[in-house]
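Q: If it helps, the file is called entry.csv and holds CSV, C-alpha atoms:
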chain,number,residue,atom,x,y,z
A,151,MET,CA,-21.1,-0.8,-14.9
A,152,LYS,CA,-19.2,-0.3,-18.2
A,153,MET,CA,-15.7,-1.8,-18.1
A,154,LYS,CA,-13.2,1.1,-18.5
A,155,TYR,CA,-10.0,-0.1,-16.9
A,156,ILE,CA,-10.1,-3.9,-17.3
A,157,PRO,CA,-9.8,-3.9,-21.1
A,158,ARG,CA,-6.8,-1.6,-20.9
A,159,ILE,CA,-5.2,-3.8,-18.2
A,160,LYS,CA,-5.7,-7.0,-20.2
A,161,ALA,CA,-4.3,-5.4,-23.4
A,162,ASN,CA,-1.3,-4.1,-21.5
A,163,LEU,CA,-0.6,-7.5,-20.0
A,164,TRP,CA,-1.0,-9.2,-23.3
A,165,ILE,CA,1.6,-6.9,-24.9
A,166,ASN,CA,4.1,-7.0,-22.0
A,167,THR,CA,4.0,-10.7,-21.1
A,168,LYS,CA,5.8,-11.4,-24.4
A,169,ILE,CA,8.8,-9.8,-22.8
A,170,LYS,CA,8.9,-12.0,-19.7
A,171,THR,CA,7.3,-15.3,-19.0
A,172,SER,CA,6.4,-16.0,-15.4
A,173,ASN,CA,4.1,-18.3,-13.6
A,174,ILE,CA,3.2,-15.3,-11.5
A,175,LEU,CA,1.0,-14.2,-14.4
A,176,GLU,CA,-1.2,-17.2,-13.7
A,177,GLY,CA,-1.5,-16.1,-10.1
A,178,SER,CA,1.0,-18.7,-8.7
A,179,TYR,CA,2.8,-17.0,-5.9
A,180,ASN,CA,3.8,-17.9,-2.4
A,181,SER,CA,1.3,-17.9,0.3
A,182,ILE,CA,1.7,-15.8,3.5
A,183,TYR,CA,0.6,-18.9,5.4
A,184,LYS,CA,3.4,-21.4,6.3
A,185,GLY,CA,2.9,-24.7,8.0
A,186,ARG,CA,3.0,-28.5,7.8
A,187,SER,CA,0.6,-30.8,5.8
A,188,MET,CA,0.8,-28.5,2.8
A,189,ASN,CA,2.6,-28.4,-0.5
A,190,PHE,CA,6.4,-28.8,-0.2
A,191,GLU,CA,8.2,-25.7,-1.5
A,192,ASP,CA,12.0,-25.9,-0.7
A,193,LEU,CA,14.6,-26.3,2.0
A,194,ARG,CA,16.3,-23.8,4.3
A,195,GLU,CA,18.7,-23.9,7.2
A,196,TYR,CA,17.3,-24.7,10.6
A,197,VAL,CA,16.8,-21.8,13.1
A,198,ILE,CA,15.9,-21.9,16.8
A,199,GLY,CA,12.1,-22.3,17.1
A,200,ASP,CA,11.6,-24.5,14.0
A,201,ASN,CA,9.6,-27.7,14.4
A,202,VAL,CA,12.0,-30.6,14.5
A,203,LYS,CA,9.4,-32.7,12.7
A,204,ASP,CA,10.1,-30.6,9.6
A,205,ILE,CA,13.8,-31.5,9.5
A,206,ASP,CA,14.9,-33.3,6.2
A,207,TRP,CA,17.4,-35.7,7.7
A,208,LYS,CA,18.6,-37.1,4.3
A,209,ALA,CA,19.2,-33.6,2.8
A,210,SER,CA,20.9,-32.5,6.1
A,211,ALA,CA,23.3,-35.4,6.0
A,212,ARG,CA,24.3,-34.6,2.4
A,213,SER,CA,24.9,-30.9,3.1
A,214,ASN,CA,26.3,-31.2,6.6
A,215,LYS,CA,23.7,-28.6,7.7
A,216,ILE,CA,20.4,-29.1,9.5
A,217,LEU,CA,17.8,-28.3,6.8
A,218,ILE,CA,14.1,-27.6,7.3
A,219,LYS,CA,11.3,-28.3,4.8
A,220,GLN,CA,9.2,-25.3,3.9
A,221,TYR,CA,5.7,-25.5,2.7
A,222,ILE,CA,3.2,-23.4,0.8
A,223,ALA,CA,-0.3,-23.4,2.1
A,224,GLU,CA,-3.2,-24.1,-0.2
A,225,LYS,CA,-5.1,-21.1,0.9
A,226,LYS,CA,-6.5,-18.0,-0.8
A,227,HIS,CA,-5.3,-14.6,0.2
A,228,ASN,CA,-6.9,-11.4,1.4
A,229,ILE,CA,-5.4,-8.6,-0.7
A,230,LEU,CA,-5.9,-5.1,0.6
A,231,PHE,CA,-4.9,-1.9,-1.3
A,232,ILE,CA,-4.3,1.2,0.9
A,233,LEU,CA,-4.6,4.1,-1.6
A,234,ASP,CA,-3.2,7.6,-1.2
A,235,THR,CA,-5.7,10.1,-2.3
A,236,GLY,CA,-3.7,13.2,-1.5
A,237,LYS,CA,-3.6,16.2,-3.9
A,238,LYS,CA,0.0,15.3,-4.7
A,239,MET,CA,-1.3,12.3,-6.6
A,240,LEU,CA,-2.6,14.7,-9.3
A,241,ALA,CA,1.0,15.7,-10.1
A,242,ASP,CA,3.3,14.0,-12.7
A,243,THR,CA,5.9,11.3,-12.3
A,244,LYS,CA,9.6,11.6,-13.0
A,245,GLU,CA,8.8,10.6,-16.6
A,246,LEU,CA,6.2,13.4,-16.8
A,247,GLU,CA,3.2,11.0,-16.8
A,248,SER,CA,0.1,11.3,-14.6
A,249,LYS,CA,0.7,9.9,-11.1
A,250,LYS,CA,-3.0,9.3,-10.9
A,251,GLU,CA,-3.0,7.1,-14.0
A,252,ILE,CA,0.1,5.2,-12.9
A,253,ALA,CA,-1.6,4.5,-9.6
A,254,LEU,CA,-4.8,3.3,-11.2
A,255,MET,CA,-3.1,1.1,-13.7
A,256,THR,CA,-0.8,-0.4,-11.0
A,257,VAL,CA,-3.7,-1.3,-8.7
A,258,GLY,CA,-5.6,-2.7,-11.7
A,259,THR,CA,-2.6,-4.8,-12.9
A,260,ILE,CA,-1.9,-6.3,-9.5
A,261,SER,CA,-5.6,-6.9,-8.9
A,262,TYR,CA,-6.1,-8.6,-12.3
A,263,LEU,CA,-3.1,-11.0,-11.6
A,264,VAL,CA,-4.2,-12.0,-8.1
A,265,ASP,CA,-7.9,-12.3,-9.1
A,266,SER,CA,-6.9,-15.2,-11.4
A,267,HIS,CA,-5.6,-17.0,-8.2
A,268,GLY,CA,-9.1,-16.6,-6.7
A,269,ASP,CA,-8.0,-14.1,-4.0
A,270,SER,CA,-10.3,-11.7,-2.4
A,271,ILE,CA,-9.6,-8.0,-3.0
A,272,SER,CA,-10.4,-5.0,-1.0
A,273,ALA,CA,-9.4,-1.3,-1.0
A,274,ILE,CA,-9.5,1.6,1.4
A,275,TYR,CA,-8.8,5.3,1.0
A,276,GLN,CA,-9.7,8.6,2.5
A,277,GLY,CA,-12.6,10.0,0.4
A,278,LYS,CA,-13.7,13.6,0.2
A,279,GLU,CA,-16.1,13.2,3.1
A,280,ASN,CA,-15.1,10.0,4.9
A,281,ILE,CA,-13.0,6.8,4.7
A,282,LYS,CA,-14.2,4.6,1.8
A,283,ILE,CA,-13.7,0.8,2.3
A,284,PHE,CA,-14.7,-2.0,-0.1
A,285,PRO,CA,-15.6,-5.5,1.1
A,286,PHE,CA,-13.3,-8.4,0.3
A,287,GLN,CA,-14.6,-9.8,-3.0
A,288,THR,CA,-13.5,-11.6,-6.1
A,289,GLY,CA,-14.1,-10.9,-9.7
A,290,LEU,CA,-13.3,-8.3,-12.4
A,291,TYR,CA,-16.4,-6.3,-11.6
A,292,ASN,CA,-15.1,-5.7,-8.1
A,293,ILE,CA,-11.7,-4.5,-9.5
A,294,GLU,CA,-13.5,-2.1,-11.9
A,295,LYS,CA,-15.6,-0.7,-9.2
A,296,ILE,CA,-12.6,0.0,-7.0
A,297,LEU,CA,-10.7,1.8,-9.8
A,298,ASN,CA,-13.7,3.9,-10.9
A,299,THR,CA,-14.5,5.0,-7.4
A,300,TYR,CA,-10.9,5.7,-6.5
A,301,GLU,CA,-10.4,7.8,-9.6
A,302,LYS,CA,-13.1,10.2,-8.6
A,303,GLU,CA,-11.8,10.6,-5.0
A,304,ILE,CA,-8.1,11.5,-5.7
A,305,SER,CA,-7.3,15.0,-4.4
A,306,SER,CA,-8.9,14.4,-0.9
A,307,GLU,CA,-7.3,15.4,2.3
A,308,GLY,CA,-6.2,13.0,5.0
A,309,LYS,CA,-2.9,11.4,6.2
A,310,LEU,CA,-1.8,8.0,4.9
A,311,GLU,CA,-0.7,7.0,8.4
A,312,ASP,CA,-4.1,7.7,9.8
A,313,LEU,CA,-5.5,5.3,7.2
A,314,ILE,CA,-3.0,2.6,8.1
A,315,ARG,CA,-3.8,2.9,11.8
A,316,TYR,CA,-7.5,2.6,10.9
A,317,VAL,CA,-6.8,-0.7,9.1
A,318,LEU,CA,-4.7,-1.9,12.1
A,319,LYS,CA,-7.5,-1.1,14.5
A,320,PHE,CA,-10.6,-2.4,12.6
A,321,ILE,CA,-9.6,-5.1,10.1
A,322,ARG,CA,-9.0,-8.3,12.0
A,323,ARG,CA,-7.6,-10.7,9.4
A,324,ARG,CA,-4.2,-11.5,8.0
A,325,MET,CA,-3.6,-9.8,4.7
A,326,ILE,CA,-1.2,-9.0,1.9
A,327,ILE,CA,-1.3,-5.2,1.8
A,328,PHE,CA,-0.2,-3.1,-1.1
A,329,ILE,CA,0.2,0.6,-0.2
A,330,ILE,CA,0.1,2.9,-3.2
A,331,THR,CA,1.7,6.3,-2.5
A,332,ASP,CA,4.8,8.4,-3.2
A,333,ILE,CA,8.1,9.1,-1.4
A,334,GLU,CA,6.5,11.8,0.8
A,335,GLY,CA,3.8,9.4,1.9
A,336,MET,CA,6.3,6.6,2.6
A,337,SER,CA,8.8,8.8,4.5
A,338,ASN,CA,6.1,10.3,6.8
A,339,ILE,CA,5.0,7.0,8.3
A,340,SER,CA,6.3,6.4,11.9
A,341,GLU,CA,8.5,3.6,13.0
A,342,GLU,CA,5.8,2.4,15.4
A,343,THR,CA,3.2,2.1,12.6
A,344,LEU,CA,5.6,0.4,10.3
A,345,ASN,CA,6.5,-2.1,13.0
A,346,ARG,CA,2.9,-3.0,13.8
A,347,LEU,CA,2.0,-3.3,10.2
A,348,ALA,CA,4.9,-5.6,9.4
A,349,LEU,CA,4.3,-7.8,12.4
A,350,LEU,CA,0.6,-8.4,11.5
A,351,HIS,CA,0.7,-8.4,7.7
A,352,ASP,CA,2.7,-9.0,4.5
A,353,VAL,CA,3.3,-5.5,3.3
A,354,VAL,CA,4.4,-3.9,0.0
A,355,PHE,CA,4.9,-0.2,-0.6
A,356,ILE,CA,4.7,1.1,-4.2
A,357,ASN,CA,6.2,4.5,-4.7
A,358,ILE,CA,4.8,6.5,-7.7
A,359,SER,CA,7.7,8.8,-8.5
A,360,ASP,CA,7.6,12.6,-8.5
A,361,ALA,CA,8.6,14.9,-11.2
A,362,LEU,CA,11.5,17.2,-10.6
A,363,MET,CA,10.7,20.9,-9.9
A,364,THR,CA,13.7,21.9,-12.0
A,365,GLY,CA,14.6,21.6,-15.7
A,366,TYR,CA,11.1,21.9,-17.3
A,367,ASN,CA,7.8,23.7,-17.2
A,368,ALA,CA,6.8,22.4,-13.7
A,369,TYR,CA,3.4,23.0,-12.0
A,370,ASP,CA,3.0,23.1,-8.2
A,371,VAL,CA,-0.3,21.3,-7.4
A,372,ASP,CA,-0.2,22.6,-3.8
A,373,LYS,CA,0.1,26.2,-4.8
A,374,GLU,CA,-1.8,25.7,-8.0
A,375,SER,CA,0.8,27.7,-10.0
A,376,TYR,CA,3.7,27.2,-12.3
A,377,ILE,CA,7.2,27.3,-10.8
A,378,PRO,CA,9.1,30.4,-11.9
A,379,GLU,CA,11.7,30.0,-14.7
A,380,TYR,CA,14.6,31.2,-12.6
A,381,ILE,CA,14.1,28.2,-10.4
A,382,LEU,CA,13.6,25.8,-13.2
A,383,GLU,CA,16.8,26.8,-14.9
A,384,ASP,CA,19.0,26.9,-11.8
A,385,GLU,CA,21.6,24.0,-12.3
A,386,LYS,CA,22.8,24.2,-8.7
A,387,LEU,CA,19.3,23.9,-7.4
A,388,LYS,CA,18.6,20.9,-9.7
A,389,GLU,CA,21.7,19.2,-8.4
A,390,LEU,CA,20.7,19.8,-4.8
A,391,GLU,CA,17.2,18.6,-5.5
A,392,LEU,CA,18.5,15.3,-7.0
A,393,GLU,CA,20.8,14.9,-4.0
A,394,VAL,CA,18.1,15.5,-1.4
A,395,LYS,CA,15.5,13.2,-3.1
A,396,SER,CA,18.1,10.4,-3.5
A,397,LYS,CA,19.0,10.7,0.2
A,398,ILE,CA,15.4,10.6,1.3
A,399,TYR,CA,14.6,7.6,-0.9
A,400,LYS,CA,17.7,5.7,0.3
A,401,GLU,CA,17.0,6.4,4.0
A,402,THR,CA,13.3,5.4,3.5
A,403,LYS,CA,14.1,2.2,1.7
A,404,GLU,CA,16.6,1.2,4.5
A,405,ARG,CA,13.9,1.9,7.1
A,406,PHE,CA,11.4,-0.4,5.3
A,407,LYS,CA,14.1,-3.1,4.7
A,408,LYS,CA,14.7,-3.2,8.4
A,409,HIS,CA,11.0,-4.1,8.9
A,410,LYS,CA,11.1,-6.6,6.0
A,411,ILE,CA,8.8,-4.5,3.9
A,412,LEU,CA,9.1,-4.6,0.1
A,413,THR,CA,9.3,-1.4,-1.8
A,414,THR,CA,9.5,-0.5,-5.5
A,415,THR,CA,9.2,2.7,-7.6
A,416,ILE,CA,7.2,3.1,-10.8
A,417,ASN,CA,7.9,5.9,-13.2
A,418,LYS,CA,5.8,5.3,-16.3
A,419,GLN,CA,2.9,3.1,-17.6
A,420,GLU,CA,4.9,1.0,-20.0
A,421,ASP,CA,7.0,-0.3,-17.1
A,422,ILE,CA,4.0,-1.3,-14.9
A,423,VAL,CA,3.7,-4.9,-15.9
A,424,ASN,CA,7.4,-5.7,-15.7
A,425,ASP,CA,7.8,-3.8,-12.5
A,426,VAL,CA,4.9,-5.6,-10.9
A,427,ILE,CA,6.2,-9.0,-12.0
A,428,LYS,CA,9.6,-8.2,-10.6
A,429,LEU,CA,8.1,-7.1,-7.4
A,430,LEU,CA,6.0,-10.3,-6.9
A,431,GLU,CA,9.1,-12.4,-7.7
A,432,ARG,CA,11.1,-10.4,-5.1
A,433,ARG,CA,8.3,-11.1,-2.6
A,434,LYS,CA,8.4,-14.8,-3.5
A,435,ASN,CA,12.1,-14.9,-2.8
A,436,ALA,CA,11.9,-12.6,0.2
A,437,ASN,CA,14.3,-10.1,-1.5
A,438,TYR,CA,14.0,-6.8,0.3
A,439,SER,CA,17.1,-5.1,-1.3
Show me the file's structure as structure tokens.
A:
Amino acid sequence: MKMKYIPRIKANLWINTKIKTSNILEGSYNSIYKGRSMNFEDLREYVIGDNVKDIDWKASARSNKILIKQYIAEKKHNILFILDTGKKMLADTKELESKKEIALMTVGTISYLVDSHGDSISAIYQGKENIKIFPFQTGLYNIEKILNTYEKEISSEGKLEDLIRYVLKFIRRRMIIFIITDIEGMSNISEETLNRLALLHDVVFINISDALMTGYNAYDVDKESYIPEYILEDEKLKELELEVKSKIYKETKERFKKHKILTTTINKQEDIVNDVIKLLERRKNANYS
């Protein structure tokens, strides 16, 4: 297979890593596995249920608090991408860039970074005929295959929640799961599914933003027609649209925060590398805000 996406991803990383240096770019990020007899990470305050053998008595004496040693496991990860292939992914982002291209480059960027850590990568999405799932594998060829196949399947039908439930039912391993969708996909997932997902896995949702339907020559991908000018130019409608979208995103983010699920929004290609690095750093620091 001819490499189509990997060269673009490598070039984009090379350009953007000049902006911010991070050991995350070498694939060094916290494991989802915690336990003893592993690499020491840092200290935190004791909570009920912690193993008393992990108490650092000297540090506790200095701080007047009971402090516990945390460790990072020397294990590789299973990385799963759950990819939204709905027709809406053919639309544009807030910055008038292709949502499909943003989704592909985001998946590719994360995959390239974690592949350097030796992690196994898989992906699942609803294809035009059935659910498509890739086996967990390492290597750039695996990433390229996922991206090339996903690109051809965008515009399929199927609910994102059904795909997540399929994963919960049939994939019996602990994973870091990246779910690539938009605010509609995020807001339509039930509390029950979010709760089960967060209990079993380390989960990150990436929202590919939506273009506004007001203020420019907008195209409705569902109705396959341009939105009338009288709607585009209506200032009150534009104000209402911004208010409604802001409310939906805020409420959705709070729901996910409650379940300790990380979220971020990506608007344009030039932001992907920095947005991904910030996201992985937030994950490392358990920052759900």
Q: Would you compute the distance between CA of Phe286 in chain A and CA of Asn228 in chain A? Give it in Å to one decimal.
A: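 So the answer is 7.2 Å.
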Q: From (13.4, 4.8, 1.9), in the file's coordinates, out to 12 Å: which residues are reached, counting only C-alpha atoms? Answer as a VMD selection string.
A: chain A and resid 332 to 339 355 to 357 395 to 409 411 to 415 438 to 439
Q: From the list A:Gln419, A:Leu347, A:Ile159, A:Lys295, which residue is nearest Leu263 in chain A when using all atoms listed in the file?
A: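 Looking at the shortest contact to Leu263 in chain A, the residue is A:Ile159.
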Q: One decimal, Å: what's the distance from CA of Lys226 in chain A over to CA of Val264 in chain A, could you say?
A: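 One can read the CA of Lys226 in chain A to CA of Val264 in chain A distance as 9.7 Å.
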Q: Using all atoms listed in the file, give me every residue within 10 Å of (12.5, 3.5, -11.8) in file coordinates, as a list in words.
A: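 Residues with an atom at most 10 Å from (12.5, 3.5, -11.8): Lys244, Glu245, Asn357, Ile358, Ser359, Thr414, Thr415, Ile416, Asn417, Lys418, Asp421 and Asp425 of chain A.
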Q: Could you work out how far CA of Thr299 in chain A lies from CA of Ile260 in chain A, giving the answer in Å with one decimal?
A: 17.1 Å
Q: Identify which of the residues A:Asp312, A:Ile293, A:Lys152, A:Asn166 lies closest to Phe231 in chain A, counting all atoms listed in the file when measuring atom-to-atom distances.
A: A:Ile293
Q: Using only C-alpha atoms, find the one residue out of A:Thr343, A:Asn280, A:Thr288, A:Thr235 that sits nearest to Glu303 in chain A.
A: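 Answer, going by the shortest atom-to-atom distance: A:Thr235.
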Q: Lys249 in chain A: which residues within 8 Å, counting all atoms listed in the file, same-chain residues fewer than 3 positions away excluded, as a ChimeraX atom specification?
A: /A:239-243,252-253,358-360
Q: Env of Arg322 in chain A: 10 Å cut, atoms = only C-alpha atoms, seq-sep filter 4 positions within chain, self excluded. Answer as a CSV table (one decimal) with C-alpha atoms, in the frame of the given file.
A:
chain,number,residue,atom,x,y,z
A,317,VAL,CA,-6.8,-0.7,9.1
A,318,LEU,CA,-4.7,-1.9,12.1
A,350,LEU,CA,0.6,-8.4,11.5
Q: Between A:Thr259, A:Val353, A:Val394, A:Glu195, which has the minimum distance to Arg324 in chain A (counting only C-alpha atoms)?
A: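 The shortest atom-to-atom distance to Arg324 in chain A comes from A:Val353.
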